[in-house]
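The data block below is entry.pdb; it holds PDB, C-alpha atoms.
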ATOM      1  CA  MET A   1       0.000   0.000   0.000
ATOM      2  CA  GLU A   2       1.470   3.331  -1.040
ATOM      3  CA  LYS A   3       1.938   6.084   1.511
ATOM      4  CA  THR A   4      -0.077   9.231   1.201
ATOM      5  CA  LEU A   5       1.724  12.443   0.371
ATOM      6  CA  GLU A   6       1.183  13.682   3.919
ATOM      7  CA  GLU A   7       2.799  10.524   5.371
ATOM      8  CA  LYS A   8       5.747  10.917   3.007
ATOM      9  CA  VAL A   9       6.265  14.546   4.055
ATOM     10  CA  VAL A  10       6.122  13.666   7.780
ATOM     11  CA  THR A  11       8.587  10.792   7.277
ATOM     12  CA  TYR A  12      10.856  13.104   5.291
ATOM     13  CA  GLN A  13      10.792  15.761   8.022
ATOM     14  CA  LEU A  14      11.593  13.189  10.720
ATOM     15  CA  LEU A  15      14.420  11.740   8.652
ATOM     16  CA  GLN A  16      15.876  15.235   8.141
ATOM     17  CA  ARG A  17      16.669  15.438  11.873
ATOM     18  CA  TYR A  18      18.580  12.174  11.907
ATOM     19  CA  PRO A  19      21.756  13.439  10.156
ATOM     20  CA  GLU A  20      22.076  16.215  12.755
ATOM     21  CA  GLY A  21      22.307  13.640  15.542
ATOM     22  CA  LEU A  22      24.733  11.550  13.523
ATOM     23  CA  GLY A  23      26.837  14.650  12.898
ATOM     24  CA  GLU A  24      26.999  15.417  16.611
ATOM     25  CA  GLN A  25      28.040  11.831  17.356
ATOM     26  CA  LEU A  26      30.636  12.023  14.608
ATOM     27  CA  ASN A  27      32.102  15.225  16.057
ATOM     28  CA  LEU A  28      32.321  13.656  19.520
ATOM     29  CA  LEU A  29      34.092  10.566  18.176
ATOM     30  CA  GLN A  30      36.486  12.627  16.072
ATOM     31  CA  ASN A  31      37.362  14.780  19.089
ATOM     32  CA  ARG A  32      37.909  11.644  21.175
ATOM     33  CA  LEU A  33      40.178  10.254  18.447
ATOM     34  CA  LEU A  34      42.215  13.487  18.409
ATOM     35  CA  GLU A  35      42.536  13.245  22.195
ATOM     36  CA  LEU A  36      43.717   9.625  21.956
ATOM     37  CA  ASN A  37      46.295  10.535  19.307
ATOM     38  CA  SER A  38      47.522  13.442  21.423
ATOM     39  CA  THR A  39      47.797  11.177  24.473
ATOM     40  CA  GLN A  40      49.759   8.611  22.495
ATOM     41  CA  GLN A  41      52.215  11.315  21.441
ATOM     42  CA  ALA A  42      52.490  12.541  25.036
ATOM     43  CA  LEU A  43      53.245   8.985  26.163
ATOM     44  CA  GLN A  44      55.961   8.728  23.518
ATOM     45  CA  ASP A  45      57.477  11.954  24.822
ATOM     46  CA  PHE A  46      57.098  10.598  28.346
ATOM     47  CA  LEU A  47      59.222   7.555  27.436
ATOM     48  CA  GLU A  48      62.099   9.862  26.574
ATOM     49  CA  MET A  49      62.042  11.630  29.959
ATOM     50  CA  LYS A  50      64.363  10.622  32.776
ATOM     51  CA  GLU A  51      63.400   9.955  36.370
ATOM     52  CA  GLY A  52      63.633  13.124  38.469
ATOM     53  CA  LYS A  53      63.004  15.432  35.496
ATOM     54  CA  GLU A  54      60.792  18.414  36.245
ATOM     55  CA  THR A  55      57.895  18.957  33.878
ATOM     56  CA  PHE A  56      54.542  20.704  33.680
ATOM     57  CA  VAL A  57      51.345  18.654  33.836
ATOM     58  CA  ASN A  58      48.063  19.969  32.461
ATOM     59  CA  LEU A  59      45.297  19.908  35.082
ATOM     60  CA  GLY A  60      42.733  21.181  32.552
ATOM     61  CA  SER A  61      41.069  24.539  31.941
ATOM     62  CA  GLY A  62      44.428  26.163  31.201
ATOM     63  CA  CYS A  63      45.898  25.217  34.573
ATOM     64  CA  TRP A  64      49.343  23.584  34.773
ATOM     65  CA  VAL A  65      51.436  22.365  37.680
ATOM     66  CA  MET A  66      55.177  21.726  37.923
ATOM     67  CA  THR A  67      55.984  18.187  38.995
ATOM     68  CA  ARG A  68      58.961  15.874  39.192
ATOM     69  CA  LEU A  69      58.799  12.457  37.523
ATOM     70  CA  GLU A  70      59.394   9.568  39.861
ATOM     71  CA  LYS A  71      58.431   6.572  37.722
ATOM     72  CA  PRO A  72      58.246   7.740  34.104
ATOM     73  CA  GLU A  73      57.973   4.151  32.830
ATOM     74  CA  THR A  74      54.534   3.619  34.447
ATOM     75  CA  VAL A  75      51.205   5.421  34.020
ATOM     76  CA  LEU A  76      47.760   5.108  35.546
ATOM     77  CA  LEU A  77      45.281   4.137  32.819
ATOM     78  CA  ASN A  78      41.484   4.318  32.938
ATOM     79  CA  LEU A  79      40.207   0.860  31.989
ATOM     80  CA  GLY A  80      36.572   1.973  32.095
ATOM     81  CA  ALA A  81      33.755   2.007  34.649
ATOM     82  CA  GLY A  82      35.928   4.065  37.003
ATOM     83  CA  ILE A  83      38.604   1.357  37.208
ATOM     84  CA  PHE A  84      42.224   2.463  36.891
ATOM     85  CA  ALA A  85      45.357   0.329  36.678
ATOM     86  CA  ARG A  86      49.087   0.906  36.502
ATOM     87  CA  ARG A  87      50.502   0.044  33.120
ATOM     88  CA  LYS A  88      53.890   0.272  31.492
ATOM     89  CA  VAL A  89      53.938   3.163  29.027
ATOM     90  CA  GLU A  90      54.394   0.781  26.090
ATOM     91  CA  ARG A  91      51.342  -1.264  27.134
ATOM     92  CA  ALA A  92      49.291   1.894  27.670
ATOM     93  CA  ARG A  93      50.183   3.048  24.151
ATOM     94  CA  GLU A  94      49.084  -0.336  22.752
ATOM     95  CA  MET A  95      45.772  -0.099  24.592
ATOM     96  CA  LEU A  96      45.202   3.462  23.375
ATOM     97  CA  SER A  97      46.021   2.382  19.814
ATOM     98  CA  GLU A  98      43.342  -0.299  20.054
ATOM     99  CA  ARG A  99      40.840   2.263  21.350
ATOM    100  CA  ALA A 100      41.735   4.543  18.442
ATOM    101  CA  ARG A 101      41.260   1.696  15.965
ATOM    102  CA  LEU A 102      37.792   0.987  17.378
ATOM    103  CA  LEU A 103      36.888   4.685  17.222
ATOM    104  CA  GLU A 104      37.998   4.843  13.588
ATOM    105  CA  LYS A 105      35.645   1.940  12.811
ATOM    106  CA  GLU A 106      32.774   3.743  14.553
ATOM    107  CA  ILE A 107      33.566   6.932  12.639
ATOM    108  CA  GLU A 108      33.497   5.013   9.342
ATOM    109  CA  LYS A 109      30.144   3.447  10.278
ATOM    110  CA  LEU A 110      28.644   6.839  11.135
ATOM    111  CA  GLN A 111      29.913   8.307   7.871
ATOM    112  CA  THR A 112      28.332   5.414   5.967
ATOM    113  CA  ASP A 113      25.063   5.876   7.850
ATOM    114  CA  MET A 114      25.099   9.599   7.075
ATOM    115  CA  ALA A 115      25.617   8.884   3.367
ATOM    116  CA  LEU A 116      22.740   6.383   3.340
ATOM    117  CA  VAL A 117      20.394   8.806   5.092
ATOM    118  CA  SER A 118      21.401  11.583   2.709
ATOM    119  CA  LYS A 119      20.688   9.321  -0.269
ATOM    120  CA  LYS A 120      17.311   8.319   1.179
ATOM    121  CA  LEU A 121      16.412  11.970   1.828
ATOM    122  CA  SER A 122      17.302  12.853  -1.736
ATOM    123  CA  GLU A 123      15.144  10.014  -3.096
ATOM    124  CA  MET A 124      12.234  10.955  -0.847
ATOM    125  CA  GLY A 125      12.559  14.613  -1.825
ATOM    126  CA  ARG A 126      12.321  13.739  -5.510
ATOM    127  CA  GLU A 127       9.373  11.430  -4.814
ATOM    128  CA  ILE A 128       7.513  14.119  -2.872
ATOM    129  CA  GLU A 129       8.276  16.699  -5.529
ATOM    130  CA  GLY A 130       6.992  14.341  -8.199
ATOM    131  CA  SER A 131       3.779  13.790  -6.223
ATOM    132  CA  LEU A 132       3.255  17.522  -5.900
ATOM    133  CA  GLN A 133       3.679  18.049  -9.633
ATOM    134  CA  ALA A 134       1.288  15.228 -10.562
TER     135      ALA A 134
END
Show me the file's structure as structure tokens.
Amino acid sequence: MEKTLEEKVVTYQLLQRYPEGLGEQLNLLQNRLLELNSTQQALQDFLEMKEGKETFVNLGSGCWVMTRLEKPETVLLNLGAGIFARRKVERAREMLSERARLLEKEIEKLQTDMALVSKKLSEMGREIEGSLQA
């Protein structure tokens, strides 16, 4: 049974909102990926530092504190659900690389979904326009 023109227009309007949500999700994932890449670089730099070296640590919101490294070969890594564990820097970098790989897959999926929705919107728009002209 074919949809009425009114049903098609309502469906089209609802579908128009979907890409906005996908775009917001995409932006969040891309920002998270940038953060992961930045952290991986910081860990690489960290590996090159010697014990006892003084360095600044970012506390967030433009606030930094001077600190002295005591165990530069180990970091505290968030494993999820509020659980943290000490990890060797190399292992932490591996874990962050895996997280980045998973984020890249999610980003690709969202981009594919956005393309499919855009194609569907275009088809529906032509269909509605054709109905209006008939």
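Among A:Leu103, A:Asn58, A:Leu47, A:Glu108, the residue with the shortest atom-to-atom distance to Lys88 of chain A, counting all atoms listed in the file, is A:Leu47.
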Atom pair atom CA of Glu98 of chain A + atom CA of Thr112 of chain A, distance 21.4 Å
Glu48 of chain A surroundings by only C-alpha atoms, 10 Å radius, close-in-sequence under 3 positions cut, as a VMD selection string:
chain A and resid 43 to 45 51 72 to 73
Closest of A:Gly125, A:Met49, A:Gly80, A:Leu36 to Arg68 of chain A - atom-to-atom distances counting only C-alpha atoms
A:Met49
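If you apply the PyMOL selection byres ((chain A and resi 93) around 9) to this structure, you end up with A:Thr39, A:Gln40, A:Gln41, A:Leu43, A:Gln44, A:Lys88, A:Val89, A:Glu90, A:Arg91, A:Ala92, A:Glu94, A:Met95, A:Leu96, A:Ser97, A:Glu98.
Atom CA of Arg87 of chain A to atom CA of Gln25 of chain A spans 29.9 Å [interatomic distance, one decimal].
Against this structure, the PyMOL selection byres ((chain A and resi 32) around 12) ends up with Gln25, Leu26, Asn27, Leu28, Leu29, Gln30, Asn31, Leu33, Leu34, Glu35, Leu36, Asn37, Ser38, Thr39, Leu96, Arg99, Ala100, Arg101, Leu102, Leu103, Glu104, Glu106 and Ile107 of chain A.
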Could you turn the residues from that selection into a file that holds C-alpha atoms, as a JSON list (two decimals), in the coordinates of the input?
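Everything below was put into part.json:
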[["chain", "number", "residue", "atom", "x", "y", "z"],
["A", 25, "GLN", "CA", 28.04, 11.83, 17.36],
["A", 26, "LEU", "CA", 30.64, 12.02, 14.61],
["A", 27, "ASN", "CA", 32.10, 15.22, 16.06],
["A", 28, "LEU", "CA", 32.32, 13.66, 19.52],
["A", 29, "LEU", "CA", 34.09, 10.57, 18.18],
["A", 30, "GLN", "CA", 36.49, 12.63, 16.07],
["A", 31, "ASN", "CA", 37.36, 14.78, 19.09],
["A", 33, "LEU", "CA", 40.18, 10.25, 18.45],
["A", 34, "LEU", "CA", 42.22, 13.49, 18.41],
["A", 35, "GLU", "CA", 42.54, 13.24, 22.20],
["A", 36, "LEU", "CA", 43.72, 9.62, 21.96],
["A", 37, "ASN", "CA", 46.30, 10.54, 19.31],
["A", 38, "SER", "CA", 47.52, 13.44, 21.42],
["A", 39, "THR", "CA", 47.80, 11.18, 24.47],
["A", 96, "LEU", "CA", 45.20, 3.46, 23.38],
["A", 99, "ARG", "CA", 40.84, 2.26, 21.35],
["A", 100, "ALA", "CA", 41.74, 4.54, 18.44],
["A", 101, "ARG", "CA", 41.26, 1.70, 15.96],
["A", 102, "LEU", "CA", 37.79, 0.99, 17.38],
["A", 103, "LEU", "CA", 36.89, 4.68, 17.22],
["A", 104, "GLU", "CA", 38.00, 4.84, 13.59],
["A", 106, "GLU", "CA", 32.77, 3.74, 14.55],
["A", 107, "ILE", "CA", 33.57, 6.93, 12.64]]
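Under the PyMOL selection byres ((chain A and resi 86) around 6), the matching residues in the shown file are A:Val75, A:Leu76, A:Ala85, A:Arg87.
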Using all atoms listed in the file, determine which residues lie at most 8 Å from Ile128 of chain A, disregarding the query and same-chain residues fewer than 2 positions distant; provide the list as JSON, numbers by chain.
{"A": [5, 8, 9, 124, 125, 126, 130, 131, 132]}
Please rebuild segment 29-53 of chain A with N, CA and C atoms and give the result as an mmCIF file, keeping the file's coordinate frame.
data_model
loop_
_atom_site.group_PDB
_atom_site.id
_atom_site.type_symbol
_atom_site.label_atom_id
_atom_site.label_comp_id
_atom_site.auth_asym_id
_atom_site.auth_seq_id
_atom_site.Cartn_x
_atom_site.Cartn_y
_atom_site.Cartn_z
ATOM 1 N N LEU A 29 33.126 11.649 18.414
ATOM 2 C CA LEU A 29 34.092 10.566 18.176
ATOM 3 C C LEU A 29 35.388 11.097 17.581
ATOM 4 N N GLN A 30 35.275 12.055 16.665
ATOM 5 C CA GLN A 30 36.486 12.627 16.072
ATOM 6 C C GLN A 30 37.307 13.377 17.112
ATOM 7 N N ASN A 31 36.641 14.095 18.012
ATOM 8 C CA ASN A 31 37.362 14.780 19.089
ATOM 9 C C ASN A 31 38.032 13.779 20.014
ATOM 10 N N ARG A 32 37.339 12.694 20.316
ATOM 11 C CA ARG A 32 37.909 11.644 21.175
ATOM 12 C C ARG A 32 39.132 11.022 20.497
ATOM 13 N N LEU A 33 39.051 10.820 19.185
ATOM 14 C CA LEU A 33 40.178 10.254 18.447
ATOM 15 C C LEU A 33 41.374 11.206 18.479
ATOM 16 N N LEU A 34 41.128 12.503 18.317
ATOM 17 C CA LEU A 34 42.215 13.487 18.409
ATOM 18 C C LEU A 34 42.862 13.451 19.791
ATOM 19 N N GLU A 35 42.025 13.325 20.823
ATOM 20 C CA GLU A 35 42.536 13.245 22.195
ATOM 21 C C GLU A 35 43.401 11.992 22.382
ATOM 22 N N LEU A 36 42.939 10.864 21.852
ATOM 23 C CA LEU A 36 43.717 9.625 21.956
ATOM 24 C C LEU A 36 45.064 9.764 21.238
ATOM 25 N N ASN A 37 45.054 10.351 20.055
ATOM 26 C CA ASN A 37 46.295 10.535 19.307
ATOM 27 C C ASN A 37 47.255 11.459 20.053
ATOM 28 N N SER A 38 46.713 12.513 20.639
ATOM 29 C CA SER A 38 47.522 13.442 21.423
ATOM 30 C C SER A 38 48.120 12.743 22.644
ATOM 31 N N THR A 39 47.314 11.914 23.299
ATOM 32 C CA THR A 39 47.797 11.177 24.473
ATOM 33 C C THR A 39 48.893 10.198 24.080
ATOM 34 N N GLN A 40 48.723 9.542 22.956
ATOM 35 C CA GLN A 40 49.759 8.611 22.495
ATOM 36 C C GLN A 40 51.078 9.348 22.256
ATOM 37 N N GLN A 41 50.998 10.528 21.669
ATOM 38 C CA GLN A 41 52.215 11.315 21.441
ATOM 39 C C GLN A 41 52.830 11.742 22.767
ATOM 40 N N ALA A 42 51.989 12.145 23.713
ATOM 41 C CA ALA A 42 52.490 12.541 25.036
ATOM 42 C C ALA A 42 53.172 11.363 25.718
ATOM 43 N N LEU A 43 52.618 10.174 25.572
ATOM 44 C CA LEU A 43 53.245 8.985 26.163
ATOM 45 C C LEU A 43 54.594 8.695 25.508
ATOM 46 N N GLN A 44 54.680 8.915 24.209
ATOM 47 C CA GLN A 44 55.961 8.728 23.518
ATOM 48 C C GLN A 44 56.994 9.704 24.076
ATOM 49 N N ASP A 45 56.583 10.953 24.248
ATOM 50 C CA ASP A 45 57.477 11.954 24.822
ATOM 51 C C ASP A 45 57.859 11.564 26.248
ATOM 52 N N PHE A 46 56.907 11.027 26.965
ATOM 53 C CA PHE A 46 57.098 10.598 28.346
ATOM 54 C C PHE A 46 58.192 9.532 28.435
ATOM 55 N N LEU A 47 58.212 8.624 27.454
ATOM 56 C CA LEU A 47 59.222 7.555 27.436
ATOM 57 C C LEU A 47 60.642 8.109 27.370
ATOM 58 N N GLU A 48 60.791 9.270 26.765
ATOM 59 C CA GLU A 48 62.099 9.862 26.574
ATOM 60 C C GLU A 48 62.574 10.672 27.777
ATOM 61 N N MET A 49 61.688 10.864 28.764
ATOM 62 C CA MET A 49 62.042 11.630 29.959
ATOM 63 C C MET A 49 62.724 10.739 30.988
ATOM 64 N N LYS A 50 63.618 11.338 31.733
ATOM 65 C CA LYS A 50 64.363 10.622 32.776
ATOM 66 C C LYS A 50 63.698 10.827 34.129
ATOM 67 N N GLU A 51 63.901 9.848 35.004
ATOM 68 C CA GLU A 51 63.400 9.955 36.370
ATOM 69 C C GLU A 51 63.998 11.194 37.031
ATOM 70 N N GLY A 52 63.190 11.914 37.782
ATOM 71 C CA GLY A 52 63.633 13.124 38.469
ATOM 72 C C GLY A 52 63.499 14.390 37.649
ATOM 73 N N LYS A 53 63.159 14.255 36.357
ATOM 74 C CA LYS A 53 63.004 15.432 35.496
ATOM 75 C C LYS A 53 61.772 16.229 35.922
#
